[in-house]
>>> print(open('run-v2.cif').read())   # mmCIF, C-alpha atoms
data_upload
loop_
_atom_site.label_atom_id
_atom_site.label_comp_id
_atom_site.auth_asym_id
_atom_site.auth_seq_id
_atom_site.Cartn_x
_atom_site.Cartn_y
_atom_site.Cartn_z
CA MET D 120 0.00 0.00 0.00
CA GLU D 121 1.31 3.42 -0.95
CA LEU D 122 1.58 5.49 2.22
CA ASN D 123 3.67 8.40 0.93
CA ALA D 124 0.61 10.65 0.45
CA ILE D 125 -0.59 9.88 3.97
CA LYS D 126 2.86 10.52 5.41
CA ASP D 127 3.09 13.87 3.59
CA ALA D 128 -0.37 14.87 4.87
CA PHE D 129 0.55 13.83 8.40
CA ASP D 130 3.81 15.78 8.21
CA ARG D 131 1.85 18.87 7.12
CA VAL D 132 -0.51 18.51 10.07
CA THR D 133 2.32 18.13 12.59
CA LYS D 134 4.18 21.09 11.08
CA LYS D 135 1.10 23.33 11.27
CA GLN D 136 0.38 22.11 14.80
CA LYS D 137 3.90 23.00 15.93
CA LEU D 138 3.64 26.46 14.34
CA SER D 139 0.26 27.02 15.99
CA THR D 140 1.56 25.91 19.38
CA SER D 141 4.65 28.09 19.07
CA LYS D 142 2.58 31.11 18.08
CA SER D 143 0.10 30.52 20.93
CA GLN D 144 2.95 30.33 23.42
CA GLU D 145 4.43 33.53 22.04
CA VAL D 146 1.12 35.42 22.37
CA ILE D 147 0.56 34.08 25.90
CA GLU D 148 4.01 35.31 26.93
CA GLN D 149 3.28 38.78 25.51
CA LEU D 150 0.01 38.95 27.44
CA ASP D 151 1.72 37.74 30.60
CA GLN D 152 4.41 40.43 30.32
CA GLU D 153 1.86 43.24 29.95
CA ILE D 154 -0.22 41.95 32.87
CA GLU D 155 2.89 41.63 35.06
CA LYS D 156 3.87 45.23 34.24
CA ALA D 157 0.42 46.46 35.22
CA LEU D 158 0.49 44.48 38.47
CA SER D 159 3.87 45.90 39.37
CA LYS D 160 2.46 49.42 39.03
CA ILE D 161 -0.67 48.63 41.04
CA ARG D 162 1.36 47.16 43.92
CA PRO D 163 3.58 50.08 45.02
CA VAL D 164 5.79 50.05 48.07
CA ASP D 165 3.52 52.48 49.95
CA ASP D 166 -0.29 52.96 50.00
CA THR D 167 -0.31 56.43 48.46
CA MET D 168 -1.70 55.29 45.05
CA LEU D 169 -5.23 56.49 44.45
CA GLN D 170 -8.09 54.53 42.94
CA SER D 171 -7.97 56.79 39.90
CA ASP D 172 -4.39 55.71 39.32
CA HIS D 173 -5.52 52.07 39.35
CA LYS D 174 -8.14 52.81 36.73
CA MET D 175 -5.59 54.57 34.55
CA ILE D 176 -3.19 51.61 34.75
CA LEU D 177 -5.97 49.14 33.88
CA THR D 178 -7.08 51.37 31.00
CA GLU D 179 -3.52 51.41 29.66
CA LEU D 180 -3.36 47.61 30.03
CA LYS D 181 -6.62 47.20 28.12
CA THR D 182 -5.29 49.43 25.33
CA LYS D 183 -2.03 47.47 25.05
CA LEU D 184 -3.89 44.14 25.04
CA ASN D 185 -6.13 45.42 22.25
CA GLU D 186 -3.05 46.51 20.33
CA LEU D 187 -1.56 43.05 20.72
CA ALA D 188 -4.76 41.57 19.22
CA PRO D 189 -4.04 38.00 20.40
CA LEU D 190 -6.97 36.46 18.52
CA GLY D 191 -5.84 38.16 15.32
CA GLN D 192 -2.30 36.83 15.76
CA LEU D 193 -3.57 33.27 16.31
CA GLU D 194 -6.16 33.32 13.55
CA GLY D 195 -3.74 32.73 10.67
CA THR D 196 -1.85 29.75 12.11
CA GLN D 197 -5.03 28.21 13.53
CA LYS D 198 -6.76 28.49 10.17
CA GLU D 199 -3.87 26.74 8.42
CA LEU D 200 -3.94 23.98 11.06
CA ASN D 201 -7.70 23.49 10.63
CA ILE D 202 -7.30 23.20 6.85
CA ALA D 203 -4.56 20.57 7.23
CA LEU D 204 -6.63 18.68 9.80
CA SER D 205 -9.73 18.68 7.58
CA LYS D 206 -7.76 17.21 4.66
CA TYR D 207 -6.00 14.50 6.65
CA PRO D 208 -9.10 12.30 7.31
CA LYS D 209 -9.86 12.39 3.58
CA HIS D 210 -6.41 10.96 2.83
CA LEU D 211 -6.96 8.25 5.44
CA GLU D 212 -10.38 7.37 4.09
CA LYS D 213 -9.08 7.23 0.54
CA SER D 214 -6.20 4.91 1.44
CA PHE D 215 -7.61 2.74 4.19
CA ASN D 216 -11.30 2.41 3.37
CA PRO D 217 -11.38 1.27 -0.25
CA ASP D 218 -14.03 -1.18 -1.35
CA ILE D 219 -11.66 -4.12 -1.76
CA SER D 220 -14.55 -6.34 -2.86
CA LYS D 221 -14.17 -4.70 -6.29
CA ALA D 222 -10.85 -6.50 -6.72
CA TYR D 223 -12.35 -9.89 -5.83
CA ARG D 224 -12.71 -12.56 -8.48
CA ASN D 225 -14.87 -15.66 -8.32
CA VAL D 226 -12.17 -18.30 -8.17
CA ASP D 227 -12.81 -21.96 -7.45
CA PHE D 228 -10.78 -22.75 -4.35
CA ASP D 229 -10.08 -26.18 -2.97
CA ALA D 230 -11.65 -25.68 0.47
CA HIS D 231 -9.70 -28.59 1.94
CA THR D 232 -6.37 -27.13 0.83
CA VAL D 233 -7.25 -23.66 2.15
CA ASN D 234 -8.30 -25.13 5.50
CA GLN D 235 -5.04 -27.08 5.70
CA ILE D 236 -3.04 -23.89 5.05
CA ILE D 237 -4.91 -22.01 7.78
CA ALA D 238 -4.55 -24.87 10.26
CA THR D 239 -0.84 -25.23 9.53
CA HIS D 240 -0.36 -21.49 10.05
CA LEU D 241 -2.02 -21.70 13.48
CA TYR D 242 0.14 -24.71 14.41
CA ARG D 243 3.25 -22.76 13.36
CA LYS D 244 2.23 -19.99 15.76
CA GLY D 245 1.78 -22.48 18.57
CA LEU D 246 -2.00 -21.90 18.68
CA PHE D 247 -2.80 -25.61 18.91
CA ASP D 248 -6.16 -25.26 20.66
CA VAL D 249 -7.33 -22.60 18.20
CA SER D 250 -6.27 -24.73 15.24
CA ASP D 251 -8.02 -27.81 16.66
CA CYS D 252 -11.20 -25.77 17.11
CA PHE D 253 -10.95 -24.44 13.55
CA ILE D 254 -10.46 -27.92 12.10
CA ASN D 255 -13.42 -29.23 14.07
CA GLU D 256 -15.71 -26.41 12.89
CA ALA D 257 -14.49 -26.81 9.30
CA ASN D 258 -15.34 -30.53 9.47
CA GLU D 259 -11.82 -31.46 8.40
CA MET D 260 -10.38 -34.91 8.95
CA ASP D 261 -8.04 -35.72 11.80
CA THR D 262 -4.87 -33.64 11.46
CA SER D 263 -2.81 -35.24 14.23
CA ILE D 264 -0.20 -36.17 11.62
CA MET D 265 0.23 -32.47 10.87
CA ARG D 266 -0.13 -31.36 14.50
CA THR D 267 2.37 -33.71 16.18
CA PRO D 268 5.57 -32.42 14.48
CA TYR D 269 4.79 -28.81 15.41
CA ILE D 270 4.21 -29.79 19.03
CA GLU D 271 7.69 -31.33 18.98
CA LEU D 272 9.11 -28.17 17.39
CA TYR D 273 7.62 -25.92 20.06
CA HIS D 274 8.86 -28.24 22.80
CA ILE D 275 12.36 -27.93 21.36
CA LEU D 276 12.12 -24.14 20.98
CA ASP D 277 10.74 -23.66 24.49
CA ALA D 278 13.66 -25.66 25.90
CA THR D 279 16.13 -23.68 23.76
CA ARG D 280 14.81 -20.38 25.15
CA VAL D 281 15.98 -21.45 28.62
CA ARG D 282 19.25 -22.73 27.10
CA ASN D 283 18.36 -26.39 27.39
CA LEU D 284 19.67 -27.94 24.18
CA GLU D 285 19.01 -31.59 25.01
CA PRO D 286 15.72 -31.86 23.02
CA ALA D 287 17.30 -30.08 20.04
CA LEU D 288 20.41 -32.28 20.13
CA LYS D 289 18.26 -35.40 20.33
CA TRP D 290 16.20 -34.28 17.31
CA ALA D 291 19.34 -33.35 15.33
CA ALA D 292 20.92 -36.75 16.05
CA ALA D 293 17.75 -38.52 14.87
CA ASN D 294 17.80 -36.49 11.64
CA HIS D 295 21.58 -36.51 11.15
CA ASP D 296 21.51 -37.91 7.60
CA LEU D 297 18.76 -35.57 6.40
CA LEU D 298 20.59 -32.53 7.80
CA ASN D 299 23.79 -33.59 6.04
CA GLN D 300 21.94 -34.08 2.76
CA SER D 301 20.68 -30.50 2.92
CA GLY D 302 24.18 -29.19 3.69
CA SER D 303 23.15 -27.87 7.11
CA ASP D 304 25.66 -27.28 9.91
CA LEU D 305 22.91 -27.06 12.54
CA GLU D 306 24.28 -30.03 14.49
CA LEU D 307 27.67 -28.35 14.84
CA LYS D 308 26.02 -25.11 16.02
CA LEU D 309 24.09 -27.02 18.67
CA HIS D 310 27.17 -28.82 19.97
CA LYS D 311 29.19 -25.60 19.90
CA LEU D 312 26.72 -23.74 22.11
CA GLN D 313 26.33 -26.76 24.37
CA PHE D 314 30.13 -26.91 24.77
CA VAL D 315 30.25 -23.22 25.74
CA GLU D 316 27.41 -23.68 28.25
CA ILE D 317 29.22 -26.60 29.89
CA LEU D 318 32.50 -24.67 29.97
CA GLN D 319 30.82 -21.70 31.65
CA LYS D 320 28.74 -23.65 34.18
CA ARG D 321 30.61 -26.91 34.84
CA GLY D 322 34.23 -26.15 34.12
CA ARG D 323 37.11 -27.09 31.86
CA GLU D 324 37.24 -30.85 32.50
CA GLU D 325 33.61 -31.57 31.66
CA ALA D 326 33.82 -29.31 28.58
CA LEU D 327 36.87 -31.24 27.37
CA ASN D 328 35.11 -34.57 27.87
CA TYR D 329 32.11 -33.24 25.92
CA ALA D 330 34.38 -32.11 23.08
CA ARG D 331 36.02 -35.56 22.89
CA ALA D 332 32.61 -37.24 22.77
CA PHE D 333 30.78 -34.98 20.32
CA LEU D 334 33.08 -32.52 18.54
CA ALA D 335 35.77 -34.90 17.28
CA SER D 336 33.59 -36.03 14.37
CA PHE D 337 33.39 -32.45 13.06
CA ALA D 338 37.16 -31.86 13.02
CA SER D 339 37.72 -33.10 9.47
CA ASN D 340 35.34 -30.56 7.90
CA HIS D 341 35.29 -27.79 10.52
CA MET D 342 38.82 -27.79 11.95
CA ALA D 343 38.95 -24.00 12.46
CA GLU D 344 35.72 -24.03 14.50
CA VAL D 345 36.89 -26.94 16.65
CA GLN D 346 40.29 -25.29 17.25
CA LYS D 347 38.58 -22.10 18.38
CA LEU D 348 36.49 -24.06 20.87
CA MET D 349 39.58 -25.84 22.19
CA ALA D 350 41.29 -22.49 22.71
CA CYS D 351 38.31 -21.45 24.85
CA LEU D 352 39.42 -24.06 27.39
CA LEU D 353 42.30 -21.73 28.31
CA TRP D 354 39.77 -19.05 29.28
CA ALA D 355 37.54 -21.16 31.50
CA GLY D 356 35.70 -18.92 33.97
CA LYS D 357 36.69 -15.73 32.13
CA LEU D 358 35.49 -16.33 28.59
CA GLU D 359 33.74 -12.94 28.52
CA ASN D 360 37.20 -11.28 28.66
CA SER D 361 38.73 -13.53 26.00
CA PRO D 362 39.17 -13.10 22.22
CA TYR D 363 36.25 -15.56 21.92
CA SER D 364 33.69 -13.54 23.88
CA GLU D 365 31.38 -13.47 20.84
CA LEU D 366 30.50 -17.09 21.66
CA LEU D 367 28.52 -15.74 24.62
CA SER D 368 26.41 -13.41 22.48
CA PRO D 369 22.60 -13.87 22.87
CA THR D 370 22.38 -13.31 19.11
CA LEU D 371 23.81 -16.79 18.55
CA TRP D 372 20.84 -18.29 20.40
CA GLU D 373 18.37 -16.24 18.38
CA LYS D 374 19.99 -17.34 15.12
CA LEU D 375 20.05 -20.93 16.34
CA ALA D 376 16.29 -20.90 16.99
CA GLU D 377 15.69 -19.48 13.50
CA ASP D 378 17.97 -22.04 11.85
CA LEU D 379 16.41 -24.83 13.89
CA THR D 380 12.91 -23.83 12.76
CA ARG D 381 14.07 -23.55 9.14
CA GLN D 382 15.66 -27.02 9.11
CA PHE D 383 12.72 -28.56 10.96
CA CYS D 384 10.28 -27.22 8.36
CA ASN D 385 12.61 -28.29 5.55
CA ILE D 386 12.63 -31.89 6.77
CA LEU D 387 8.83 -31.78 7.07
CA GLY D 388 8.69 -30.68 3.44
CA GLN D 389 7.26 -27.30 4.47
CA SER D 390 8.51 -23.83 3.62
CA TYR D 391 10.10 -21.78 6.39
CA GLU D 392 7.56 -19.00 5.86
CA SER D 393 3.90 -19.67 6.54
CA LEU D 394 1.97 -20.05 3.27
CA LEU D 395 -0.87 -17.99 4.71
CA SER D 396 1.48 -15.18 5.79
CA VAL D 397 3.16 -15.07 2.38
CA THR D 398 -0.18 -15.05 0.55
CA VAL D 399 -1.60 -12.24 2.68
CA ALA D 400 1.59 -10.16 2.45
CA ALA D 401 1.74 -10.55 -1.34
CA GLY D 402 -1.96 -9.70 -1.58
CA VAL D 403 -1.43 -6.50 0.41
CA GLN D 404 1.21 -5.41 -2.10
CA ALA D 405 -0.91 -6.31 -5.12
CA LEU D 406 -4.22 -4.90 -3.84
CA PRO D 407 -3.63 -1.19 -4.71
CA THR D 408 -2.85 -2.12 -8.34
CA LEU D 409 -5.93 -4.33 -8.56
CA LEU D 410 -8.14 -1.59 -7.09
CA LYS D 411 -6.83 0.96 -9.59
CA LEU D 412 -7.45 -1.51 -12.39
CA MET D 413 -11.03 -2.06 -11.27
CA ASN D 414 -11.65 1.69 -11.07
CA VAL D 415 -10.58 1.90 -14.71
CA MET D 416 -12.69 -1.10 -15.67
CA THR D 417 -15.85 0.13 -13.95
CA GLY D 418 -18.84 -1.35 -15.76
CA LYS D 419 -16.80 -4.27 -17.12
CA LYS D 420 -17.17 -6.62 -14.18
CA GLN D 421 -17.96 -9.60 -16.40
CA GLU D 422 -14.78 -9.05 -18.38
CA TRP D 423 -12.81 -8.84 -15.12
CA GLN D 424 -14.25 -12.13 -13.88
CA THR D 425 -13.37 -14.03 -17.06
CA MET D 426 -9.93 -12.46 -17.61
CA LYS D 427 -7.15 -15.06 -17.62
CA GLN D 428 -4.30 -12.55 -17.50
CA LEU D 429 -4.13 -9.07 -16.01
CA PRO D 430 -3.61 -6.27 -18.55
CA VAL D 431 -1.15 -4.54 -16.21
CA PRO D 432 1.90 -5.89 -14.34
CA VAL D 433 1.69 -6.35 -10.58
CA ASP D 434 5.07 -5.58 -9.04
CA LEU D 435 5.95 -7.73 -6.03
CA ASP D 436 9.11 -7.71 -3.94
CA ARG D 437 11.79 -10.31 -4.58
CA GLU D 438 10.68 -12.28 -1.53
CA PHE D 439 7.44 -13.12 -3.35
CA GLN D 440 9.09 -14.26 -6.58
CA PHE D 441 9.54 -18.00 -6.41
CA HIS D 442 10.18 -18.88 -10.05
CA SER D 443 11.40 -17.30 -13.25
CA ILE D 444 8.94 -15.23 -15.24
CA PHE D 445 9.22 -14.85 -19.00
CA VAL D 446 7.50 -12.07 -20.92
CA CYS D 447 7.43 -12.45 -24.68
CA PRO D 448 9.37 -9.55 -26.29
CA VAL D 449 6.96 -9.56 -29.25
CA SER D 450 3.50 -9.81 -27.68
CA ARG D 451 4.54 -8.34 -24.30
CA GLU D 452 2.51 -11.09 -22.63
CA GLN D 453 3.66 -13.29 -19.77
CA ALA D 454 4.24 -16.92 -20.65
CA SER D 455 1.71 -19.46 -19.39
CA ASP D 456 1.01 -23.18 -19.67
CA GLU D 457 -1.11 -22.51 -22.77
CA ASN D 458 1.44 -20.08 -24.20
CA PRO D 459 4.87 -21.38 -23.09
CA PRO D 460 8.28 -19.90 -23.98
CA MET D 461 9.89 -21.46 -27.06
CA ARG D 462 13.56 -21.40 -28.06
CA LEU D 463 14.26 -20.59 -31.71
CA THR D 464 17.14 -22.28 -33.52
CA CYS D 465 19.05 -19.00 -33.36
CA GLY D 466 18.85 -19.00 -29.57
CA HIS D 467 16.26 -16.23 -29.10
CA VAL D 468 13.09 -16.96 -27.16
CA LEU D 469 9.49 -16.08 -28.00
CA CYS D 470 6.14 -17.30 -26.74
CA LYS D 471 4.35 -20.04 -28.68
CA GLN D 472 1.49 -17.81 -29.86
CA SER D 473 3.92 -15.21 -31.23
CA ILE D 474 5.70 -17.92 -33.21
CA ALA D 475 2.35 -19.12 -34.58
CA LYS D 476 1.52 -15.59 -35.77
CA LEU D 477 4.93 -15.06 -37.37
CA SER D 478 4.75 -18.41 -39.16
CA LYS D 479 1.07 -17.88 -40.01
CA ASN D 480 0.27 -21.21 -38.32
CA ASN D 481 2.46 -23.08 -40.81
CA SER D 482 5.01 -25.18 -38.90
CA THR D 483 7.26 -25.62 -41.95
CA ARG D 484 7.04 -22.07 -43.31
CA PRO D 485 10.30 -20.20 -42.53
CA PHE D 486 10.02 -16.83 -40.83
CA LYS D 487 12.62 -14.28 -39.87
CA CYS D 488 13.56 -13.98 -36.20
CA PRO D 489 12.53 -10.51 -34.94
CA TYR D 490 15.95 -10.04 -33.33
CA CYS D 491 18.43 -11.41 -35.86
CA PRO D 492 18.61 -12.24 -39.59
CA THR D 493 18.16 -15.98 -39.00
CA GLU D 494 15.24 -17.72 -40.67
CA VAL D 495 13.63 -20.40 -38.53
CA GLU D 496 10.77 -22.89 -38.73
CA ALA D 497 8.14 -23.30 -36.02
CA SER D 498 8.57 -27.08 -36.10
CA LYS D 499 12.19 -26.72 -35.01
CA CYS D 500 11.41 -24.49 -32.02
CA ARG D 501 11.69 -26.18 -28.63
CA GLN D 502 9.75 -25.43 -25.46
CA LEU D 503 11.73 -24.07 -22.51
CA TYR D 504 11.11 -25.02 -18.89
CA PHE D 505 12.19 -22.56 -16.23
#
>>> encode(input="run-v2.cif", output="structure tokens")
Amino acid sequence: MELNAIKDAFDRVTKKQKLSTSKSQEVIEQLDQEIEKALSKIRPVDDTMLQSDHKMILTELKTKLNELAPLGQLEGTQKELNIALSKYPKHLEKSFNPDISKAYRNVDFDAHTVNQIIATHLYRKGLFDVSDCFINEANEMDTSIMRTPYIELYHILDATRVRNLEPALKWAAANHDLLNQSGSDLELKLHKLQFVEILQKRGREEALNYARAFLASFASNHMAEVQKLMACLLWAGKLENSPYSELLSPTLWEKLAEDLTRQFCNILGQSYESLLSVTVAAGVQALPTLLKLMNVMTGKKQEWQTMKQLPVPVDLDREFQFHSIFVCPVSREQASDENPPMRLTCGHVLCKQSIAKLSKNNSTRPFKCPYCPTEVEASKCRQLYF
């Protein structure tokens, strides 16, 4: 959602408000000075001042206050503030209260798949009771197979938060081969932090015994890491003052929890990011473009509902781009299953429908490549798979 206009409007309001406040304070100080001067004249050291003198002083004060015209001084800045304030709600309403139903399309969803995505998202968040209730109300089948692994994950993460790595080490040992296949060094990270914890809490001898039992197997591929840990033995009890004090950083535990979650989801065959979260976040980015498109296509709702491809590009951040996208340089249309990218014999790539138009639907009729002098035949073009 584009918030620049709202930010600019908000900045204008705050600027006008500061100017108004500053001006009000300035006028109040002027009034206070004049009143203090009058009071100092009314309260003389002796009681010789007559009542007529009091009236004269008050008359002079009234004249000076009229000359100051405080309401007149405040009128300009207050008017500018009121104008800015009156415009700001309109910006908010325009940006935050659109009729998003206009961008909705009647799409046939697989209700079971959608329910599974929602339930998995709730399990990821540790909301097991909420997810169970949702599944029950959605009349879904038993999801204990999906639920059980996430219970194990949260048990491991809860233990890790209090620096108990036993559950995590047990899980990593059980999945040793799968972690190695994915190229993960999670097991080493777990043993490294466990070694440091033992060194800090139980001393040098127990840390050395732990290293002999669990770190020796990592020496062949991670010699530098193992050597660093062995050097820590010389700083037992004072590691925070050593060259290896970064091993005590809380950041290492935060990164460990993230890596642990990532590898756990990877072994489950799930993405690290929640599918529901990614879908909603991508939809938030795409929604303004879709709303603008619908405003342009007002009165063409039927055309919008049957449209297979949007007539305008929807720009999404790199985090939402999961595969390569090819746009035909001739038709300017994005490739699809019905209109896949095809490689010409010269090496250039066009979409299938563009090739059909250039060859006039004759697979043996040569046509000139739009980007080089080569003549090619549609029958010799090969589909590309990204």
>>> resolve_selection(input="run-v2.cif", expression="the PyMOL selection byres ((chain D and resi 122) around 10)", output="list in words")
Met120, Glu121, Asn123, Ala124, Ile125, Lys126, Asp127, Ala128, His210, Leu211, Ser214 and Phe215 of chain D
>>> resolve_selection(input="run-v2.cif", expression="the PyMOL selection byres ((chain D and resi 500) around 12)", output="ChimeraX atom specification")
/D:459-471,473-475,478,482-483,485-486,488,494-499,501-503
>>> write_last_selection(input="run-v2.cif", atoms="C-alpha atoms", output="mmCIF file, in the coordinates of the input")
data_model
loop_
_atom_site.group_PDB
_atom_site.id
_atom_site.type_symbol
_atom_site.label_atom_id
_atom_site.label_comp_id
_atom_site.auth_asym_id
_atom_site.auth_seq_id
_atom_site.Cartn_x
_atom_site.Cartn_y
_atom_site.Cartn_z
ATOM 1 C CA PRO D 459 4.870 -21.380 -23.090
ATOM 2 C CA PRO D 460 8.280 -19.900 -23.980
ATOM 3 C CA MET D 461 9.890 -21.460 -27.060
ATOM 4 C CA ARG D 462 13.560 -21.400 -28.060
ATOM 5 C CA LEU D 463 14.260 -20.590 -31.710
ATOM 6 C CA THR D 464 17.140 -22.280 -33.520
ATOM 7 C CA CYS D 465 19.050 -19.000 -33.360
ATOM 8 C CA GLY D 466 18.850 -19.000 -29.570
ATOM 9 C CA HIS D 467 16.260 -16.230 -29.100
ATOM 10 C CA VAL D 468 13.090 -16.960 -27.160
ATOM 11 C CA LEU D 469 9.490 -16.080 -28.000
ATOM 12 C CA CYS D 470 6.140 -17.300 -26.740
ATOM 13 C CA LYS D 471 4.350 -20.040 -28.680
ATOM 14 C CA SER D 473 3.920 -15.210 -31.230
ATOM 15 C CA ILE D 474 5.700 -17.920 -33.210
ATOM 16 C CA ALA D 475 2.350 -19.120 -34.580
ATOM 17 C CA SER D 478 4.750 -18.410 -39.160
ATOM 18 C CA SER D 482 5.010 -25.180 -38.900
ATOM 19 C CA THR D 483 7.260 -25.620 -41.950
ATOM 20 C CA PRO D 485 10.300 -20.200 -42.530
ATOM 21 C CA PHE D 486 10.020 -16.830 -40.830
ATOM 22 C CA CYS D 488 13.560 -13.980 -36.200
ATOM 23 C CA GLU D 494 15.240 -17.720 -40.670
ATOM 24 C CA VAL D 495 13.630 -20.400 -38.530
ATOM 25 C CA GLU D 496 10.770 -22.890 -38.730
ATOM 26 C CA ALA D 497 8.140 -23.300 -36.020
ATOM 27 C CA SER D 498 8.570 -27.080 -36.100
ATOM 28 C CA LYS D 499 12.190 -26.720 -35.010
ATOM 29 C CA ARG D 501 11.690 -26.180 -28.630
ATOM 30 C CA GLN D 502 9.750 -25.430 -25.460
ATOM 31 C CA LEU D 503 11.730 -24.070 -22.510
#
>>> resolve_selection(input="run-v2.cif", expression="the PyMOL selection byres ((chain D and resi 233-237) around 9)", output="VMD selection string")
chain D and resid 228 to 232 238 to 242 250 253 to 254 257 259 262 393 to 395
>>> write_last_selection(input="run-v2.cif", atoms="C-alpha atoms", output="JSON list (two decimals), keeping the file's coordinate frame")
[["chain", "number", "residue", "atom", "x", "y", "z"],
["D", 228, "PHE", "CA", -10.78, -22.75, -4.35],
["D", 229, "ASP", "CA", -10.08, -26.18, -2.97],
["D", 230, "ALA", "CA", -11.65, -25.68, 0.47],
["D", 231, "HIS", "CA", -9.70, -28.59, 1.94],
["D", 232, "THR", "CA", -6.37, -27.13, 0.83],
["D", 238, "ALA", "CA", -4.55, -24.87, 10.26],
["D", 239, "THR", "CA", -0.84, -25.23, 9.53],
["D", 240, "HIS", "CA", -0.36, -21.49, 10.05],
["D", 241, "LEU", "CA", -2.02, -21.70, 13.48],
["D", 242, "TYR", "CA", 0.14, -24.71, 14.41],
["D", 250, "SER", "CA", -6.27, -24.73, 15.24],
["D", 253, "PHE", "CA", -10.95, -24.44, 13.55],
["D", 254, "ILE", "CA", -10.46, -27.92, 12.10],
["D", 257, "ALA", "CA", -14.49, -26.81, 9.30],
["D", 259, "GLU", "CA", -11.82, -31.46, 8.40],
["D", 262, "THR", "CA", -4.87, -33.64, 11.46],
["D", 393, "SER", "CA", 3.90, -19.67, 6.54],
["D", 394, "LEU", "CA", 1.97, -20.05, 3.27],
["D", 395, "LEU", "CA", -0.87, -17.99, 4.71]]
>>> closest_residue(input="run-v2.cif", among="D:Leu366, D:Gln382, D:Asp172, D:Ser220", to="Leu409 (chain D)", atoms="only C-alpha atoms")
D:Ser220
>>> closest_residue(input="run-v2.cif", among="D:Leu305, D:Glu148, D:Glu199, D:Arg131", to="Trp372 (chain D)", atoms="all atoms listed in the file")
D:Leu305
>>> closest_residue(input="run-v2.cif", among="D:Leu193, D:Leu177, D:Leu184, D:Val433", to="Gln136 (chain D)", atoms="all atoms listed in the file")
D:Leu193
>>> residues_around(input="run-v2.cif", residues="Ile219 (chain D)", least_positions_apart="5", cutoff="10 Å", atoms="all atoms listed in the file", output="PyMOL selection string")
chain D and resi 406-407+409-410+413
>>> closest_residue(input="run-v2.cif", among="D:Val397, D:Leu412, D:Ala338, D:Ala278", to="Phe441 (chain D)", atoms="all atoms listed in the file")
D:Val397
>>> residues_around(input="run-v2.cif", residues="Gln346 (chain D)", least_positions_apart="4", cutoff="12 Å", atoms="only C-alpha atoms", output="ChimeraX atom specification")
/D:311,330,334-335,337-342,350-353,363
>>> atom_distance(input="run-v2.cif", atom1="CA of Leu246 (chain D)", atom2="CA of Ile270 (chain D)")
10.0 Å
>>> closest_residue(input="run-v2.cif", among="D:Arg266, D:His442, D:Arg323, D:Arg243", to="Gly356 (chain D)", atoms="all atoms listed in the file")
D:Arg323
>>> closest_residue(input="run-v2.cif", among="D:Leu309, D:Leu190, D:Lys289, D:Arg437", to="Ile147 (chain D)", atoms="all atoms listed in the file")
D:Leu190
>>> closest_atom_pairs(input="run-v2.cif", of="region 200-292 of chain D", to="region 297-303 of chain D", cutoff="12 Å", atoms="only C-alpha atoms", output="JSON lines")
{"residue": "D:Trp290", "atom": "CA", "partner": "D:Leu298", "partner_atom": "CA", "distance": 10.6}
{"residue": "D:Ala291", "atom": "CA", "partner": "D:Leu298", "partner_atom": "CA", "distance": 7.7}
{"residue": "D:Ala292", "atom": "CA", "partner": "D:Leu298", "partner_atom": "CA", "distance": 9.3}
>>> atom_distance(input="run-v2.cif", atom1="CA of Asn480 (chain D)", atom2="CA of Pro432 (chain D)")
28.5 Å
>>> atom_distance(input="run-v2.cif", atom1="CA of Ser450 (chain D)", atom2="CA of Asp227 (chain D)")
28.7 Å
>>> residues_around(input="run-v2.cif", residues="Ile275 (chain D)", least_positions_apart="6", cutoff="10 Å", atoms="only C-alpha atoms", output="JSON, numbers by chain")
{"D": [269, 283, 284, 285, 286, 287, 288, 289, 290, 376, 379, 380]}
